[in-house]
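Peer 1: My structure is in protein09.txt, and what it holds is compact mmCIF, C-alpha atoms:
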# COMPACT_ATOMS: atom_id res chain seq x y z
CA MET A 1 -80.97 39.59 38.91
CA MET A 2 -82.23 42.57 36.90
CA LEU A 3 -81.51 46.19 37.80
CA VAL A 4 -84.08 48.87 36.96
CA TYR A 5 -82.96 52.49 36.74
CA GLU A 6 -84.81 55.77 36.44
CA TYR A 7 -85.09 56.97 32.85
CA LEU A 8 -82.98 60.09 32.39
CA ARG A 9 -84.05 61.67 29.15
CA HIS A 10 -81.09 63.91 28.43
CA SER A 11 -78.45 61.21 28.71
CA SER A 12 -75.03 62.25 30.04
CA LEU A 13 -73.32 65.60 30.46
CA ASP A 14 -70.51 64.84 28.02
CA LYS A 15 -73.03 64.67 25.16
CA TRP A 16 -74.05 68.28 25.83
CA LEU A 17 -70.55 69.66 26.30
CA HIS A 18 -68.60 67.79 23.65
CA ASN A 19 -71.01 66.06 21.24
CA LYS A 20 -73.53 68.74 20.41
CA ASN A 21 -74.94 66.88 17.40
CA GLU A 22 -75.91 64.01 19.67
CA SER A 23 -77.53 66.37 22.17
CA LEU A 24 -79.62 67.97 19.43
CA ALA A 25 -80.79 64.54 18.31
CA MET A 26 -82.18 63.94 21.80
CA LEU A 27 -84.51 66.93 21.55
CA ASP A 28 -87.88 67.15 19.88
CA SER A 29 -87.81 69.13 16.65
CA ALA A 30 -90.06 71.77 18.21
CA GLN A 31 -87.61 72.38 21.03
CA HIS A 32 -84.54 74.52 21.10
CA VAL A 33 -82.55 73.94 24.26
CA VAL A 34 -79.05 75.30 24.75
CA LEU A 35 -76.98 74.22 27.72
CA GLY A 36 -76.41 77.79 28.79
CA TRP A 37 -74.59 78.96 31.87
CA PRO A 38 -77.54 78.84 34.33
CA LYS A 39 -78.04 75.14 33.53
CA ARG A 40 -74.32 74.46 33.75
CA LEU A 41 -74.07 76.17 37.13
CA ARG A 42 -77.05 74.21 38.45
CA ILE A 43 -75.45 70.98 37.22
CA ALA A 44 -72.20 71.85 39.03
CA ILE A 45 -74.10 72.58 42.26
CA ARG A 46 -76.03 69.30 42.12
CA ILE A 47 -72.83 67.31 41.51
CA ALA A 48 -71.28 69.08 44.51
CA HIS A 49 -74.31 68.19 46.65
CA GLY A 50 -74.04 64.55 45.58
CA LEU A 51 -70.34 64.35 46.42
CA CYS A 52 -70.89 66.14 49.72
CA TYR A 53 -73.52 63.57 50.67
CA MET A 54 -71.22 60.67 49.76
CA HIS A 55 -68.21 62.10 51.56
CA HIS A 56 -69.81 63.60 54.68
CA ASP A 57 -73.30 62.18 55.23
CA CYS A 58 -72.68 58.50 54.48
CA SER A 59 -71.15 56.30 57.16
CA PRO A 60 -68.64 55.11 56.21
CA PRO A 61 -67.88 57.73 53.53
CA ILE A 62 -68.12 56.63 49.90
CA ILE A 63 -65.40 57.42 47.37
CA HIS A 64 -66.76 57.27 43.82
CA ARG A 65 -63.36 57.00 42.02
CA TYR A 66 -64.92 57.41 38.55
CA ILE A 67 -66.34 60.94 38.44
CA LYS A 68 -66.45 62.22 34.86
CA THR A 69 -68.94 63.92 32.55
CA SER A 70 -70.12 60.66 30.98
CA ASN A 71 -71.12 59.49 34.48
CA ILE A 72 -73.21 62.59 35.17
CA LEU A 73 -76.74 61.88 33.93
CA LEU A 74 -79.37 64.52 33.20
CA ASP A 75 -83.14 64.21 33.57
CA SER A 76 -85.77 66.06 31.52
CA GLU A 77 -85.18 69.24 33.57
CA PHE A 78 -81.38 68.95 33.30
CA ASN A 79 -81.08 67.96 36.95
CA ALA A 80 -77.75 66.18 37.34
CA LYS A 81 -77.33 62.79 38.98
CA VAL A 82 -74.05 61.05 39.76
CA ALA A 83 -74.05 57.55 38.23
CA ASP A 84 -71.88 54.43 37.86
CA PHE A 85 -70.89 53.32 41.34
CA GLY A 86 -69.30 50.10 40.12
CA PHE A 87 -65.83 51.15 41.30
CA ALA A 88 -66.91 53.04 44.44
CA ARG A 89 -65.24 52.17 47.73
CA PHE A 90 -65.96 52.82 51.39
CA LEU A 91 -63.36 54.69 53.41
CA THR A 92 -62.22 52.86 56.53
CA LYS A 93 -61.88 56.13 58.41
CA PRO A 94 -63.06 59.57 57.21
CA GLY A 95 -60.21 61.75 55.99
CA GLN A 96 -57.67 58.94 55.94
CA PHE A 97 -56.22 57.10 52.96
CA ASN A 98 -57.08 53.64 51.67
CA THR A 99 -54.65 51.94 49.30
CA MET A 100 -56.10 50.28 46.21
CA SER A 101 -54.59 47.30 44.41
CA ALA A 102 -55.20 48.87 40.99
CA LEU A 103 -55.94 52.24 39.40
CA VAL A 104 -59.46 53.02 38.25
CA GLY A 105 -60.37 56.10 36.25
CA SER A 106 -60.06 57.94 32.97
CA PHE A 107 -57.14 60.03 31.76
CA GLY A 108 -57.70 63.67 32.57
CA TYR A 109 -59.86 62.96 35.63
CA MET A 110 -57.42 61.11 37.89
CA ALA A 111 -55.50 63.05 40.53
CA PRO A 112 -51.73 62.77 39.95
CA GLU A 113 -51.21 61.64 43.55
CA TYR A 114 -53.67 58.79 43.05
CA VAL A 115 -51.88 57.70 39.87
CA GLN A 116 -48.54 57.71 41.67
CA THR A 117 -49.57 56.01 44.92
CA THR A 118 -52.98 54.26 44.32
CA ARG A 119 -54.05 55.77 47.65
CA ILE A 120 -57.56 57.22 47.87
CA ASN A 121 -59.59 59.49 50.06
CA GLU A 122 -62.32 62.05 49.38
CA LYS A 123 -59.89 64.33 47.60
CA ILE A 124 -59.57 62.20 44.47
CA ASP A 125 -63.27 62.86 43.78
CA VAL A 126 -62.65 66.55 44.44
CA PHE A 127 -59.95 66.56 41.75
CA SER A 128 -62.30 64.92 39.24
CA PHE A 129 -65.04 67.40 40.15
CA GLY A 130 -62.59 70.23 39.49
CA VAL A 131 -61.97 68.88 36.00
CA ILE A 132 -65.72 68.88 35.37
CA LEU A 133 -65.87 72.53 36.50
CA LEU A 134 -63.18 73.35 33.93
CA GLU A 135 -65.19 71.48 31.28
CA LEU A 136 -68.38 73.35 32.19
CA THR A 137 -66.67 76.72 31.84
CA THR A 138 -64.55 76.03 28.75
CA SER A 139 -66.50 73.23 26.99
CA LYS A 140 -63.14 71.53 26.41
CA LYS A 141 -62.66 67.81 26.98
CA ALA A 142 -60.76 66.55 30.01
CA THR A 143 -58.11 65.22 27.65
CA CYS A 144 -57.78 68.54 25.85
CA GLY A 145 -54.30 69.87 26.44
CA ASP A 146 -51.52 68.92 24.13
CA GLU A 147 -50.05 65.54 23.27
CA HIS A 148 -48.80 64.96 26.81
CA SER A 149 -51.18 66.96 29.00
CA SER A 150 -54.77 67.22 30.19
CA LEU A 151 -57.32 70.03 30.53
CA ALA A 152 -56.29 70.55 34.16
CA GLN A 153 -52.65 70.96 33.16
CA TRP A 154 -53.64 73.26 30.28
CA ALA A 155 -55.62 75.46 32.66
CA TRP A 156 -52.77 75.54 35.18
CA ARG A 157 -50.29 76.64 32.52
CA HIS A 158 -52.56 79.54 31.61
CA ILE A 159 -52.95 80.55 35.25
CA GLN A 160 -49.19 80.44 35.78
CA ALA A 161 -48.76 82.56 32.64
CA GLU A 162 -51.30 85.02 34.11
CA SER A 163 -53.58 84.65 31.10
CA ASN A 164 -56.89 86.49 31.04
CA ILE A 165 -59.42 83.94 32.34
CA ILE A 166 -62.19 85.42 30.22
CA GLU A 167 -60.27 84.42 27.10
CA LEU A 168 -60.28 80.79 28.28
CA LEU A 169 -64.06 80.52 28.70
CA ASP A 170 -66.52 79.14 26.15
CA ASN A 171 -67.59 82.05 23.92
CA GLU A 172 -70.88 80.36 23.02
CA VAL A 173 -71.98 80.30 26.66
CA MET A 174 -70.37 83.47 27.96
CA GLU A 175 -72.58 86.50 28.56
CA GLN A 176 -71.78 89.71 30.38
CA SER A 177 -74.28 88.91 33.12
CA CYS A 178 -72.58 85.62 34.02
CA LEU A 179 -68.90 86.47 33.55
CA ASP A 180 -68.16 86.78 37.27
CA GLU A 181 -69.81 83.43 38.02
CA MET A 182 -68.00 81.67 35.19
CA CYS A 183 -64.65 83.08 36.29
CA CYS A 184 -65.32 82.02 39.90
CA ILE A 185 -66.23 78.47 38.85
CA PHE A 186 -63.16 78.28 36.62
CA LYS A 187 -60.99 79.37 39.56
CA LEU A 188 -62.68 76.78 41.77
CA GLY A 189 -61.82 74.16 39.15
CA ILE A 190 -58.20 75.32 39.35
CA MET A 191 -58.24 75.01 43.15
CA CYS A 192 -59.70 71.50 43.00
CA THR A 193 -57.05 70.34 40.53
CA ALA A 194 -54.13 71.96 42.34
CA THR A 195 -50.94 69.92 41.99
CA LEU A 196 -50.42 69.78 45.75
CA LEU A 197 -50.87 67.04 48.32
CA LEU A 198 -54.38 65.61 48.28
CA VAL A 199 -55.05 66.86 51.79
CA ASP A 200 -54.53 70.45 50.64
CA LEU A 201 -57.36 70.36 48.12
CA PRO A 202 -60.70 71.96 49.08
How does the structure come out when it is put into structure tokens?
Peer 2:
Amino acid sequence: MMLVYEYLRHSSLDKWLHNKNESLAMLDSAQHVVLGWPKRLRIAIRIAHGLCYMHHDCSPPIIHRYIKTSNILLDSEFNAKVADFGFARFLTKPGQFNTMSALVGSFGYMAPEYVQTTRINEKIDVFSFGVILLELTTSKKATCGDEHSSLAQWAWRHIQAESNIIELLDNEVMEQSCLDEMCCIFKLGIMCTATLLLVDLP
């Protein structure tokens, strides 16, 4: 059997956030495209729409389990599409937990509760989405913390220390006109990655 997929010209989101040389190589020499804040916000919204469809409009609900920037593909207009459903699972009952026999995911994107219990529901995708929101606002990798921590933990430490959020954002993207939006999305990323019970996440 052969699978045929839509061609998505701009590859995956991680190339644009963390491997800028690769993203430039994907563009024609006559073009100059920067993944500025309006594009990043639109990408975040489209990912949210995709997850909302999987979690609330599908019956039974689908849990992706592998949400990360390298699995967010971008077309020629930078429209985001959630990809790689190889590890996706159906929920037996919406809102309830299923227990998996093994962990699936990448460091930095997996909810701590999932790592500890191997139980899943919609909230583990919400945690991963929150990490992507932090990446979109800071341009840091999900594994960017210190030797023993992730981006989500790094962000939480700064919030607990009452750091100025503006100082945590990506200077290359930040403009006065979008500061409020960037701060709101950063805070939403913090809420999604809250170190509370999974059921307490948004």
Peer 1: Considering all atoms listed in the file, return as a VMD selection string whatever protein or nucleic-acid residues lie within 6 Å of range 4-9 of chain A, sequence-local ones (same chain, fewer than 3 positions apart) excluded.
Peer 2: chain A and resid 74 to 76
Peer 1: Using CA of Ala111 in chain A and CA of Pro38 in chain A as the two end points, give the distance in Å to one decimal.
Peer 2: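 It comes out at 27.8 Å.
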Peer 1: Kindly indicate which residue among A:Asn164, A:Ser106, A:Asn171, A:Gln116 lies nearest to Ser128 in chain A, using only C-alpha atoms for the distances.
Peer 2: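 Closest to Ser128 in chain A of all the choices is A:Ser106.
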Peer 1: Using all atoms listed in the file, which of the listed residues (A:Met110, A:Leu136, A:Val115, A:Ala88) sits closest to Ile45 in chain A?
Peer 2: A:Leu136
Peer 1: Can you list, as a count of residues only, every protein, DNA or RNA residue that comes within 10 Å of Thr195 in chain A when you count only C-alpha atoms, leaving out same-chain residues fewer than 4 positions away?
Peer 2: 11
Peer 1: Would you pick out the contacts of Ala48 in chain A at 10 Å or less, using only C-alpha atoms, so that residues sharing its chain but fewer than 6 positions from it are not included, and give the list as a PDB file with C-alpha atoms, keeping the file's coordinate frame?
Peer 2:
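Done, and the output landed in result-v6.pdb:
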ATOM      1  CA  ARG A  42     -77.050  74.210  38.450  1.00  0.00           C
ATOM      2  CA  MET A  54     -71.220  60.670  49.760  1.00  0.00           C
ATOM      3  CA  VAL A  82     -74.050  61.050  39.760  1.00  0.00           C
ATOM      4  CA  VAL A 126     -62.650  66.550  44.440  1.00  0.00           C
ATOM      5  CA  PHE A 129     -65.040  67.400  40.150  1.00  0.00           C
TER       6      PHE A 129
END
Peer 1: How many Å separate CA of Lys187 in chain A from CA of Glu175 in chain A?
Peer 2: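 Interatomic distance here is 17.5 Å.
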Peer 1: Measuring between all atoms listed in the file, which one of A:Glu181, A:Glu135, A:Glu77, A:Glu122 shows the shortest distance to Gly108 in chain A?
Peer 2: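 Ranked by minimum distance to Gly108 in chain A, first place goes to A:Glu135.
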Peer 1: Quick one: pull the distance between CA of Leu133 in chain A and CA of Phe186 in chain A, Å, one decimal.
Peer 2: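 Computing the Euclidean distance for CA of Leu133 in chain A and CA of Phe186 in chain A yields 6.4 Å.
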Peer 1: Would you kindly return, as a ChimeraX atom specification, each protein, DNA or RNA residue with an atom no farther than 9 Å from any atom of Thr137 in chain A, considering all atoms listed in the file and excluding same-chain residues fewer than 2 positions away?
Peer 2: /A:37,40,132-135,139-140,168-170,173-174,182-183,185-186
Peer 1: Give the answer as one residue: which of A:Thr117, A:Ile63, A:Phe107, A:Lys81 has the shortest atom-to-atom distance to Pro94 in chain A, using all atoms listed in the file?
Peer 2: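 Looking only at the distances to Pro94 in chain A, the closest residue turns out to be A:Ile63.
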Peer 1: For each of A:Ile120, A:Ile166, A:Cys52, A:Met2, take the minimum atom-to-atom distance to Thr99 in chain A, counting all atoms listed in the file, then give the residue where this is smallest.
Peer 2: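 Of the candidates, the smallest distance to Thr99 in chain A is held by A:Ile120.
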Peer 1: When distances are computed from only C-alpha atoms, which of A:Lys141, A:His10, A:Lys93, A:Arg119 shows the smallest separation from Phe78 in chain A?
Peer 2: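 Of A:Lys141, A:His10, A:Lys93, A:Arg119, the one nearest Phe78 in chain A, counting only C-alpha atoms, is A:His10.
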